[in-house]
Each structure stands twice: as structure tokens, then as C-alpha cells.
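What follows is a single structure, written as C-alpha cells, with notes after it.
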Amino acid sequence: MYSIEWQKRGLPHAHILVWLINKITPDQIDQIISAEIPDKHIDPNLFDVVTKNMIHGPCGAFNNNSSCMSDGKCTKRYPRKLVSDTITGNDGYPLYRRRSVEDGGKSVVLKVRNIDIEVDNRWIVPYFTTAFKDLQSTH
């Protein structure tokens, strides 16, 4: 089931509910959902999609006039904390793995207001990975 909505900038996005035939276990979450910059050399197509479409902002100190800002804070809670493993948060929602560069995570340089900014996994919007199809086909 899905619902397509239009963002303020005119871009569509979808809210999707997926029913799985087989339950996934907590150790499989990182195979299905990622909140990290992919390796450019392993999957250049996914790297291009994520770095062009799945980076929030950057807002805050980088751009305090961003539409997500309210009272000096990002209403979408970015930048997120870096964590080495996906864990369940206090509110029941997962805190997806977002590794630091020192822990094997990636970073990319973006131009924001004509300034080069290094963006790491704290700014990545979670997305379904291409491994999701592979995981489902094995069950």
C-alpha cells in the first residue's frame, strides 16, 4: 500500500507499507534498510541516487533558513547520531546504523550555498537497499 505526496519543492515522495510473507529478524534490518552512503566503487548507481536524493539538508548551522528549521532546530531531527549497529530506540523506532568515517562509513562533499561541505551518514534519509529483493527471493 502506498500514498504519494508532493513536497514543497514539487518533488513527489511516497509513504509505503510493505507486508512481508516471512518475518525479518533484527539482524536482517541492515540488509533491507540503510541510512548510509553506499560505496561508490561497489554500487555506483546506488551511490548516485543516494547522494543526489537521500541527503537531508544540510540544515542547521549550514543553512539556518532551511524549511525544516523551527526555533533553531531541525524538525526532522537531523543530523542524526552516528551508531555502529541498528538498535531499537526508546520510542520503539529503530536507530539505523550510521557509521562514522572512522568506523567504515562514507562521506561526500556537497556544495551548499556555494560552499563545499563534507556530509557523512548523519544526514542520510533511510532507504530500501537493493538487497531487499535478494532477501525476499531466498525465502
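Ligands are numbered from 1 in the order shown, chains are lettered A, B, ... in the order of the C-alpha cells, and residues start at 1 in each chain.
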Under the rule of at most 8 Å, produce a per-residue listing of stretch 97-131 of chain A near stretch 31-39 of chain A: chain, number, name, the closest pair of atoms, and the distance in Å, as a tab-separated table, using only C-alpha atoms.
```
residue	atom	partner	partner_atom	distance
A:Arg97	CA	A:Ala35	CA	6.5
A:Arg98	CA	A:Glu36	CA	5.7
A:Arg99	CA	A:Glu36	CA	7.4
A:Gly105	CA	A:Glu36	CA	7.1
A:Lys106	CA	A:Ile37	CA	5.7
A:Ser107	CA	A:Ile37	CA	6.8
A:Asp120	CA	A:Ile37	CA	7.4
A:Asn121	CA	A:Glu36	CA	5.0
A:Ile124	CA	A:Ala35	CA	5.3
A:Val125	CA	A:Ala35	CA	5.8
A:Pro126	CA	A:Ala35	CA	4.3
A:Tyr127	CA	A:Ile33	CA	5.5
A:Phe128	CA	A:Ile33	CA	4.6
A:Thr129	CA	A:Ile32	CA	5.3
A:Thr130	CA	A:Ile32	CA	7.6
A:Ala131	CA	A:Gln31	CA	5.9
```
Could you pull out the residues in chain A that DSSP calls helix (DSSP H, G or I) from the backbone, as number ranges by chain? A: 26-32, 44-53, 101-103, 121-123, 131-137
Residues of the last selection are to be written out with C-alpha atoms, as a PDB file, in the first residue's frame.
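Saved as out21.pdb:
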```
ATOM      1  CA  PRO A  26      16.629  -7.702  13.908  1.00  0.00           C
ATOM      2  CA  ASP A  27      19.941  -8.813  12.402  1.00  0.00           C
ATOM      3  CA  GLN A  28      18.386  -8.518   8.895  1.00  0.00           C
ATOM      4  CA  ILE A  29      17.311  -4.861   9.184  1.00  0.00           C
ATOM      5  CA  ASP A  30      20.604  -3.524   7.801  1.00  0.00           C
ATOM      6  CA  GLN A  31      20.169  -5.761   4.736  1.00  0.00           C
ATOM      7  CA  ILE A  32      16.820  -4.105   3.979  1.00  0.00           C
ATOM      8  CA  PRO A  44      27.961   3.426  -8.335  1.00  0.00           C
ATOM      9  CA  ASN A  45      24.282   3.646  -9.364  1.00  0.00           C
ATOM     10  CA  LEU A  46      23.026   3.437  -5.776  1.00  0.00           C
ATOM     11  CA  PHE A  47      25.733   5.906  -4.710  1.00  0.00           C
ATOM     12  CA  ASP A  48      24.488   8.406  -7.312  1.00  0.00           C
ATOM     13  CA  VAL A  49      20.827   8.008  -6.299  1.00  0.00           C
ATOM     14  CA  VAL A  50      21.537   8.317  -2.566  1.00  0.00           C
ATOM     15  CA  THR A  51      23.906  11.284  -2.848  1.00  0.00           C
ATOM     16  CA  LYS A  52      21.518  13.150  -5.150  1.00  0.00           C
ATOM     17  CA  ASN A  53      18.190  12.305  -3.488  1.00  0.00           C
ATOM     18  CA  VAL A 101      34.030   7.581   8.703  1.00  0.00           C
ATOM     19  CA  GLU A 102      36.448   6.139  11.284  1.00  0.00           C
ATOM     20  CA  ASP A 103      34.134   3.117  11.694  1.00  0.00           C
ATOM     21  CA  ASN A 121      25.923   9.373   7.366  1.00  0.00           C
ATOM     22  CA  ARG A 122      24.305  11.688   9.944  1.00  0.00           C
ATOM     23  CA  TRP A 123      22.450  13.360   7.046  1.00  0.00           C
ATOM     24  CA  ALA A 131      19.463  -6.337  -1.124  1.00  0.00           C
ATOM     25  CA  PHE A 132      15.763  -6.284  -0.137  1.00  0.00           C
ATOM     26  CA  LYS A 133      14.832  -8.146  -3.335  1.00  0.00           C
ATOM     27  CA  ASP A 134      17.622 -10.669  -2.778  1.00  0.00           C
ATOM     28  CA  LEU A 135      16.478 -11.311   0.804  1.00  0.00           C
ATOM     29  CA  GLN A 136      12.866 -11.916  -0.247  1.00  0.00           C
ATOM     30  CA  SER A 137      13.816 -14.219  -3.127  1.00  0.00           C
TER      31      SER A 137
END
```
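Across A:Lys40, A:Gly57, A:Gly89, A:Ala14, the tightest approach to A:Cys74 is made by A:Gly57 when counting only C-alpha atoms.
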Taking only residues of stretch 27-72 of chain A that have an atom at most 12 Å from an atom of stretch 2-10 of chain A, what is each one's shortest atom pair and its distance in Å to one decimal, using only C-alpha atoms, in chain and number order, as a tab-separated table?
```
residue	atom	partner	partner_atom	distance
A:Ser66	CA	A:Lys8	CA	11.8
A:Ser67	CA	A:Lys8	CA	9.0
A:Cys68	CA	A:Lys8	CA	10.8
```
Using all heavy atoms, can you write the selected residues to a file as a PDB file, in the first residue's frame?
```pdb
ATOM      1  N   SER A  66      16.707  26.878   6.148  1.00  0.00           N
ATOM      2  CA  SER A  66      16.083  25.702   5.549  1.00  0.00           C
ATOM      3  C   SER A  66      14.636  25.584   6.031  1.00  0.00           C
ATOM      4  O   SER A  66      14.319  25.925   7.175  1.00  0.00           O
ATOM      5  CB  SER A  66      16.874  24.453   5.927  1.00  0.00           C
ATOM      6  OG  SER A  66      16.303  23.307   5.356  1.00  0.00           O
ATOM      7  N   SER A  67      13.758  25.067   5.170  1.00  0.00           N
ATOM      8  CA  SER A  67      12.333  24.963   5.509  1.00  0.00           C
ATOM      9  C   SER A  67      12.061  24.019   6.680  1.00  0.00           C
ATOM     10  O   SER A  67      10.999  24.094   7.293  1.00  0.00           O
ATOM     11  CB  SER A  67      11.532  24.515   4.286  1.00  0.00           C
ATOM     12  OG  SER A  67      11.963  23.237   3.868  1.00  0.00           O
ATOM     13  N   CYS A  68      13.010  23.155   7.021  1.00  0.00           N
ATOM     14  CA  CYS A  68      12.807  22.210   8.125  1.00  0.00           C
ATOM     15  C   CYS A  68      13.150  22.823   9.485  1.00  0.00           C
ATOM     16  O   CYS A  68      12.900  22.205  10.512  1.00  0.00           O
ATOM     17  CB  CYS A  68      13.638  20.954   7.905  1.00  0.00           C
ATOM     18  SG  CYS A  68      15.408  21.280   7.908  1.00  0.00           S
TER      19      CYS A  68
END
```
DSSP-assigned strand (DSSP E) members of chain A, reported as a PyMOL selection string: chain A and resi 2-6+12-16+33-34+69-70+73-74+87-88+94-95+108-112+115-119+127-128
Produce a file of the selected residues containing N, CA and C atoms, as a compact mmCIF listing (two decimals), in the first residue's frame.
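As written to disk, selection-v3.txt reads:
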```txt
# COMPACT_ATOMS: atom_id res chain seq x y z
N TYR A 2 0.52 2.26 -0.72
CA TYR A 2 1.34 3.46 -0.74
C TYR A 2 0.49 4.70 -0.95
N SER A 3 1.05 5.81 -0.57
CA SER A 3 0.42 7.11 -0.78
C SER A 3 1.50 8.05 -1.28
N ILE A 4 1.26 8.69 -2.41
CA ILE A 4 2.23 9.63 -2.97
C ILE A 4 1.82 11.04 -2.57
N GLU A 5 2.79 11.79 -2.05
CA GLU A 5 2.59 13.18 -1.67
C GLU A 5 3.60 14.04 -2.40
N TRP A 6 3.34 15.34 -2.43
CA TRP A 6 4.24 16.28 -3.11
C TRP A 6 4.87 17.20 -2.08
N PRO A 12 7.84 14.54 -5.76
CA PRO A 12 6.98 13.52 -5.15
C PRO A 12 7.76 12.65 -4.16
N HIS A 13 7.08 12.17 -3.15
CA HIS A 13 7.64 11.14 -2.28
C HIS A 13 6.50 10.22 -1.87
N ALA A 14 6.84 9.03 -1.46
CA ALA A 14 5.82 8.04 -1.16
C ALA A 14 5.96 7.53 0.27
N HIS A 15 4.83 7.32 0.91
CA HIS A 15 4.76 6.60 2.17
C HIS A 15 4.32 5.19 1.80
N ILE A 16 5.13 4.21 2.18
CA ILE A 16 4.89 2.85 1.72
C ILE A 16 4.75 1.91 2.91
N ILE A 33 17.11 -1.96 5.07
CA ILE A 33 17.04 -0.51 5.18
C ILE A 33 18.43 0.01 5.53
N SER A 34 18.83 1.05 4.81
CA SER A 34 20.12 1.65 5.08
C SER A 34 19.96 3.14 5.31
N MET A 69 13.70 24.02 9.48
CA MET A 69 14.15 24.63 10.72
C MET A 69 13.02 25.35 11.46
N SER A 70 12.96 25.14 12.78
CA SER A 70 12.00 25.82 13.63
C SER A 70 12.67 26.06 14.99
N LYS A 73 16.15 24.59 15.44
CA LYS A 73 16.35 23.15 15.39
C LYS A 73 15.69 22.56 14.15
N CYS A 74 16.25 21.48 13.67
CA CYS A 74 15.67 20.76 12.54
C CYS A 74 14.46 19.97 13.03
N ILE A 87 19.80 -0.20 16.36
CA ILE A 87 19.22 -0.54 17.65
C ILE A 87 17.79 0.01 17.72
N THR A 88 17.00 -0.54 18.62
CA THR A 88 15.65 -0.02 18.82
C THR A 88 15.72 1.16 19.76
N PRO A 94 13.45 2.27 15.15
CA PRO A 94 14.87 1.90 15.09
C PRO A 94 15.77 3.11 14.90
N LEU A 95 16.94 3.02 15.49
CA LEU A 95 18.02 3.96 15.21
C LEU A 95 18.92 3.22 14.24
N VAL A 108 30.74 12.44 1.66
CA VAL A 108 30.73 13.02 0.33
C VAL A 108 30.73 14.54 0.49
N VAL A 109 31.32 15.24 -0.46
CA VAL A 109 31.37 16.70 -0.41
C VAL A 109 30.24 17.25 -1.27
N LEU A 110 29.41 18.12 -0.67
CA LEU A 110 28.31 18.78 -1.36
C LEU A 110 28.55 20.27 -1.39
N LYS A 111 27.99 20.92 -2.39
CA LYS A 111 28.00 22.37 -2.42
C LYS A 111 26.69 22.88 -1.84
N VAL A 112 26.77 23.67 -0.77
CA VAL A 112 25.60 24.29 -0.17
C VAL A 112 25.89 25.79 -0.11
N ILE A 115 29.36 26.74 -0.97
CA ILE A 115 30.41 26.34 -0.04
C ILE A 115 30.46 24.81 -0.04
N ASP A 116 31.67 24.25 -0.14
CA ASP A 116 31.83 22.80 -0.07
C ASP A 116 31.67 22.35 1.38
N ILE A 117 30.76 21.38 1.59
CA ILE A 117 30.51 20.83 2.92
C ILE A 117 30.66 19.32 2.86
N GLU A 118 31.43 18.77 3.79
CA GLU A 118 31.57 17.31 3.87
C GLU A 118 30.37 16.76 4.65
N VAL A 119 29.62 15.89 3.99
CA VAL A 119 28.42 15.30 4.56
C VAL A 119 28.70 13.82 4.84
N TYR A 127 16.60 4.45 3.42
CA TYR A 127 16.07 3.98 2.14
C TYR A 127 16.16 2.46 2.08
N PHE A 128 15.27 1.86 1.24
CA PHE A 128 15.35 0.43 0.99
C PHE A 128 16.60 0.15 0.18
```
Nearest to A:Gly104: which of A:Thr75, A:Asn65, A:Ser84, A:Thr25 is it, counting only C-alpha atoms?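 Nearest candidate to A:Gly104 out of A:Thr75, A:Asn65, A:Ser84, A:Thr25: A:Ser84.
Interatomic distance, atom CA of A:Lys76 against atom CA of A:Ile24: 26.7 Å.
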One decimal, in Å: what's the spacing between atom CA of A:Ser100 and atom CA of A:Tyr78? 15.1 Å
Pairwise distance for atom CA of A:Pro79 and atom CA of A:Cys59, rounded to one decimal in Å: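 Calculated distance between atom CA of A:Pro79 and atom CA of A:Cys59 is 8.3 Å.
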